[in-house]
Amino acid sequence: MNFATSRLGEFGARLDSDDVDVVRGALDDYQSAQADTRWGVDNPYWSLADEVRFAARNLLGRPPSGRSHASALTVLWHLAEADDADLIADILEGGTAERETALLAAGTALAQGEPPNPRLLALITAMVLDESRGVQDRKGAMDALEDLDLPEVEDLLVRLSESPERALQVHAAVRLAMPLRLRVHRDRVRRLVESWPEDAGWEVREIRGALEAFHSTYWKDTELNDPALRKAHDELRFPVGDEGCLQAFATLLRSDDPVAVGIALDHYESSEGLRHVLADAGRAEACLPEVLARAREVLRRPMSPAEVSALNMIGARYAEPGDAELLLDVLARTDSDAVRGKAVWVAYGVLDEAEVKDERLVAALGEVIFDPSAGFYGAKETAIRVLADSLGADADEILLRAVREGEPKVQAHAAYYLVRTGGVDRHRAVLEEVAEGWGDQPPHRPWGEDPVELIFGKPHSVHWIGHRLADRDLYRAHKRLRAPGVDESYHRALRVLLESDDEAAVGIALDHWWSPDGAVKRGGEEARAPERALVLDRIREVLRQPPSPAGLSRDYGAEAKHLAALSALAVVAADEPSLLAEVVAAAATEHVRERALDAVQAVFDDAQEADLRLVEVLGNLACEESVPVSTRVRALDLLDASPGTNAVEALVRATRCPEVEIQAAAAWGLMWDEVIEDHRALIEELSGGWPAAEDAPWEVRRVRDFLDAAEE
């Protein structure tokens, strides 16, 4: 028996259980798995959908137990059939606490019925009209009827729109503003909108948009001169029937007015146009051959104002190899960036469909890239993408020229697409030369990507981003670390940086060593091993030194050097307690010490017994009067939380310090069940010498509260 079969068997057994909670859990698991299908995974229980439905019905036939009805109704929201309508009606009539979910299930059951169950339909209709109910309840009931194309539902929406509650008016108007209903109720919806304030909310803005209807894509500021064409345009935007709508569309499309033709092409291309307003959207498909023929005819007419609409209509989707001639003519004569951009996109389809790429079209796209009169967005940007995606490495010649000679944004985009097509391996020297000229600020980030990182590799570092090493050998070593793969050249580069006297170089090397995106990503955990000893030496040295100059790190300033070393220390701390102890003892700054103490805490959290070297250094730190009291208390807190009993001696020693806060923190660490009896007398003696309650530090109050509770 394989795992899937076993899993289904176990799930089926849970559905058949006599235990309500077991069945409810199975229903919840089914619904959770079904929700996960939105991520592209299958529901492993789908084959048992009938059994799940039966189990949900069975639970609803019993008195509710915990969330049993909620789980069952949630399942029926997705799986209900027409036969479930009476069961759901029983639940609603019974005054269920799960009314919202029951209404969702009711909507599914009603939509499955042909005709919908009259009892459930009447029940929900009454809920919508019941003015004693809250607005949200009535809206939820109305939503349960949303998928029903019935005159009764439309009449109910009309009645709801007459409610004195604006929220219910808006709820109804949103549904009356759907294209087919709007044919009948436009005047009603308009009157409602005019009665509401301008700032009535996003739903009202959507309704206003529906009333205005789709005008066109490119001709919103243009008025048709011919009254007959204006009438056809109105009938296309505000149809009363499919026949009239299609006739109006044909009138515009076949007109000699280029604006009218452009409007018709826009309506066909847009999802908000012709298909949106037709009751039978499939009827628009029959117009496609004529629409495409008309679009190509427009492109044959020199300088036709409608050519942008024609190009937008054809796009890459309907482009054919034979369109190359049209595109060459358009690109040669136009001075419009909108037209250029759309023509370039049609060229995408032409080149993609052709087995042999038209060299003239390729050259024309190249000319767009270098044309000083062409805009970057839409025209040049798209031309670069089209050439790279359609030709791959065959676009190298044009893209390399763009990298060398193009305006800065063109350079960045050409570099990005060269990298995408494997151009780094073919033209590394050229790409690196250009990227070096950008420094750490590329002129543009295509699709959010940094072309400098794509060329050199990433990460640059963690704490030194933007810093360029001045020494040529160090710069070359840094470049090698950023490149993919680990071999001897990688380790040699890492050593060059680690052994240098350049603070930033050492910090960059440490970042590459510890970061998951550095050595480990390139060569696995073993890639750290060859330089481990050298890294430990550098950590030890760096954390004894003063901070680095602030100007070396754009993001981290003077803390960059210490942060790089501390991050590397966190990687090795568990295996190098003596190094960690050294850092705690000889930290260059209090910030370094605090971070080192964080590392100690992490080590203790994963240990069975506290390392004696760490215990000793924490004990010494706690007793060091030159260290801030807060840091000394932190050291004692770590000793308190340390695993095992190795810290007891250090805690006892700290109780002899003169500061009350230190005594109390140390005493608290001795109050565990395993050790308190051996030190109760000491703690009580200390407590007697501490200040009165109102003047005592919180560490003192904590100890006294514990002692008082023990006495009670």
# chains A, B, ... in the order shown; residues from 1 in each chain; ligands from 1
>>> residues_around(residues="segment 62-74 of chain A", least_positions_apart="6", cutoff="6 Å", atoms="only C-alpha atoms", output="PyMOL selection string")
chain A and resi 24+56+102
>>> residues_around(residues="Val629 of chain A", least_positions_apart="6", cutoff="12 Å", atoms="only C-alpha atoms", output="ChimeraX atom specification")
/A:590,621-623,635-636,657-663,665
>>> write_last_selection(atoms="C-alpha atoms", output="mmCIF file, in the first residue's frame")
data_model
loop_
_atom_site.group_PDB
_atom_site.id
_atom_site.type_symbol
_atom_site.label_atom_id
_atom_site.label_comp_id
_atom_site.auth_asym_id
_atom_site.auth_seq_id
_atom_site.Cartn_x
_atom_site.Cartn_y
_atom_site.Cartn_z
ATOM 1 C CA GLU A 590 30.231 48.136 24.738
ATOM 2 C CA LEU A 621 32.709 40.701 33.842
ATOM 3 C CA ALA A 622 30.024 40.761 36.532
ATOM 4 C CA CYS A 623 32.616 41.765 39.139
ATOM 5 C CA ALA A 635 26.320 38.808 32.475
ATOM 6 C CA LEU A 636 24.693 37.566 35.678
ATOM 7 C CA CYS A 657 30.359 42.925 45.025
ATOM 8 C CA PRO A 658 29.480 46.231 46.707
ATOM 9 C CA GLU A 659 26.687 47.218 44.269
ATOM 10 C CA VAL A 660 23.212 46.252 45.463
ATOM 11 C CA GLU A 661 21.992 45.573 41.892
ATOM 12 C CA ILE A 662 24.857 43.121 41.322
ATOM 13 C CA GLN A 663 24.281 41.362 44.651
ATOM 14 C CA ALA A 665 21.079 39.758 40.342
#
>>> residues_around(residues="Asp16 of chain A", least_positions_apart="2", cutoff="10 Å", atoms="only C-alpha atoms", output="PyMOL selection string")
chain A and resi 11-14+18-20+22-23+26+51-52+54-55
>>> residues_around(residues="Leu498 of chain A", least_positions_apart="5", cutoff="9 Å", atoms="only C-alpha atoms", output="PyMOL selection string")
chain A and resi 493+505-510+531+534-535+538
>>> residues_around(residues="segment 401-411 of chain A", least_positions_apart="6", cutoff="9 Å", atoms="only C-alpha atoms", output="list of chain:residue names")
A:Gly366, A:Ile369, A:Phe370, A:Phe376, A:Lys380, A:Glu381, A:Ile384, A:Val430, A:Leu431, A:Val434, A:Pro442, A:Pro443, A:His444, A:Arg445, A:Pro446
>>> decode(residues="segment 529-590 of chain A", atoms="C-alpha atoms", output="PDB file, in the first residue's frame")
ATOM      1  CA  ALA A 529      36.627  25.136   6.034  1.00  0.00           C
ATOM      2  CA  PRO A 530      39.947  26.130   4.335  1.00  0.00           C
ATOM      3  CA  GLU A 531      39.909  29.691   5.726  1.00  0.00           C
ATOM      4  CA  ARG A 532      38.310  28.940   9.103  1.00  0.00           C
ATOM      5  CA  ALA A 533      41.478  29.373  11.176  1.00  0.00           C
ATOM      6  CA  LEU A 534      42.322  32.629   9.418  1.00  0.00           C
ATOM      7  CA  VAL A 535      38.779  33.889   9.960  1.00  0.00           C
ATOM      8  CA  LEU A 536      39.035  33.142  13.684  1.00  0.00           C
ATOM      9  CA  ASP A 537      42.243  35.176  13.905  1.00  0.00           C
ATOM     10  CA  ARG A 538      40.627  38.073  12.091  1.00  0.00           C
ATOM     11  CA  ILE A 539      37.557  37.985  14.340  1.00  0.00           C
ATOM     12  CA  ARG A 540      39.817  38.108  17.381  1.00  0.00           C
ATOM     13  CA  GLU A 541      41.811  41.046  16.005  1.00  0.00           C
ATOM     14  CA  VAL A 542      38.915  43.074  14.629  1.00  0.00           C
ATOM     15  CA  LEU A 543      36.866  42.934  17.813  1.00  0.00           C
ATOM     16  CA  ARG A 544      39.801  44.281  19.829  1.00  0.00           C
ATOM     17  CA  GLN A 545      40.251  47.219  17.467  1.00  0.00           C
ATOM     18  CA  PRO A 546      38.408  50.556  17.461  1.00  0.00           C
ATOM     19  CA  PRO A 547      35.559  51.033  14.978  1.00  0.00           C
ATOM     20  CA  SER A 548      36.294  51.557  11.300  1.00  0.00           C
ATOM     21  CA  PRO A 549      36.007  54.997   9.638  1.00  0.00           C
ATOM     22  CA  ALA A 550      32.328  55.773   9.102  1.00  0.00           C
ATOM     23  CA  GLY A 551      32.835  56.701   5.465  1.00  0.00           C
ATOM     24  CA  LEU A 552      33.780  53.156   4.474  1.00  0.00           C
ATOM     25  CA  SER A 553      30.211  51.872   4.863  1.00  0.00           C
ATOM     26  CA  ARG A 554      27.214  53.650   3.404  1.00  0.00           C
ATOM     27  CA  ASP A 555      24.659  51.761   5.483  1.00  0.00           C
ATOM     28  CA  TYR A 556      26.467  50.823   8.713  1.00  0.00           C
ATOM     29  CA  GLY A 557      28.964  53.624   9.204  1.00  0.00           C
ATOM     30  CA  ALA A 558      31.603  53.111  11.887  1.00  0.00           C
ATOM     31  CA  GLU A 559      30.004  49.870  13.115  1.00  0.00           C
ATOM     32  CA  ALA A 560      30.543  47.972   9.845  1.00  0.00           C
ATOM     33  CA  LYS A 561      33.844  46.316  10.764  1.00  0.00           C
ATOM     34  CA  HIS A 562      32.646  45.098  14.135  1.00  0.00           C
ATOM     35  CA  LEU A 563      29.312  43.939  12.745  1.00  0.00           C
ATOM     36  CA  ALA A 564      31.020  41.857  10.058  1.00  0.00           C
ATOM     37  CA  ALA A 565      33.255  40.186  12.642  1.00  0.00           C
ATOM     38  CA  LEU A 566      30.375  39.655  15.089  1.00  0.00           C
ATOM     39  CA  SER A 567      28.301  38.033  12.359  1.00  0.00           C
ATOM     40  CA  ALA A 568      31.174  35.657  11.617  1.00  0.00           C
ATOM     41  CA  LEU A 569      31.571  35.024  15.345  1.00  0.00           C
ATOM     42  CA  ALA A 570      27.921  33.977  15.587  1.00  0.00           C
ATOM     43  CA  VAL A 571      28.619  31.229  13.027  1.00  0.00           C
ATOM     44  CA  VAL A 572      31.520  29.705  15.017  1.00  0.00           C
ATOM     45  CA  ALA A 573      30.591  30.602  18.602  1.00  0.00           C
ATOM     46  CA  ALA A 574      29.213  27.208  19.581  1.00  0.00           C
ATOM     47  CA  ASP A 575      32.408  25.465  18.466  1.00  0.00           C
ATOM     48  CA  GLU A 576      34.819  28.162  19.635  1.00  0.00           C
ATOM     49  CA  PRO A 577      33.937  29.042  23.243  1.00  0.00           C
ATOM     50  CA  SER A 578      37.474  30.190  24.001  1.00  0.00           C
ATOM     51  CA  LEU A 579      37.306  32.760  21.166  1.00  0.00           C
ATOM     52  CA  LEU A 580      33.906  33.902  22.346  1.00  0.00           C
ATOM     53  CA  ALA A 581      35.255  34.266  25.875  1.00  0.00           C
ATOM     54  CA  GLU A 582      38.174  36.352  24.577  1.00  0.00           C
ATOM     55  CA  VAL A 583      35.835  38.671  22.732  1.00  0.00           C
ATOM     56  CA  VAL A 584      33.617  39.180  25.788  1.00  0.00           C
ATOM     57  CA  ALA A 585      36.674  39.944  27.913  1.00  0.00           C
ATOM     58  CA  ALA A 586      38.521  42.233  25.491  1.00  0.00           C
ATOM     59  CA  ALA A 587      35.719  43.845  23.463  1.00  0.00           C
ATOM     60  CA  ALA A 588      36.691  47.154  21.938  1.00  0.00           C
ATOM     61  CA  THR A 589      33.308  48.772  22.639  1.00  0.00           C
ATOM     62  CA  GLU A 590      30.231  48.136  24.738  1.00  0.00           C
TER      63      GLU A 590
END
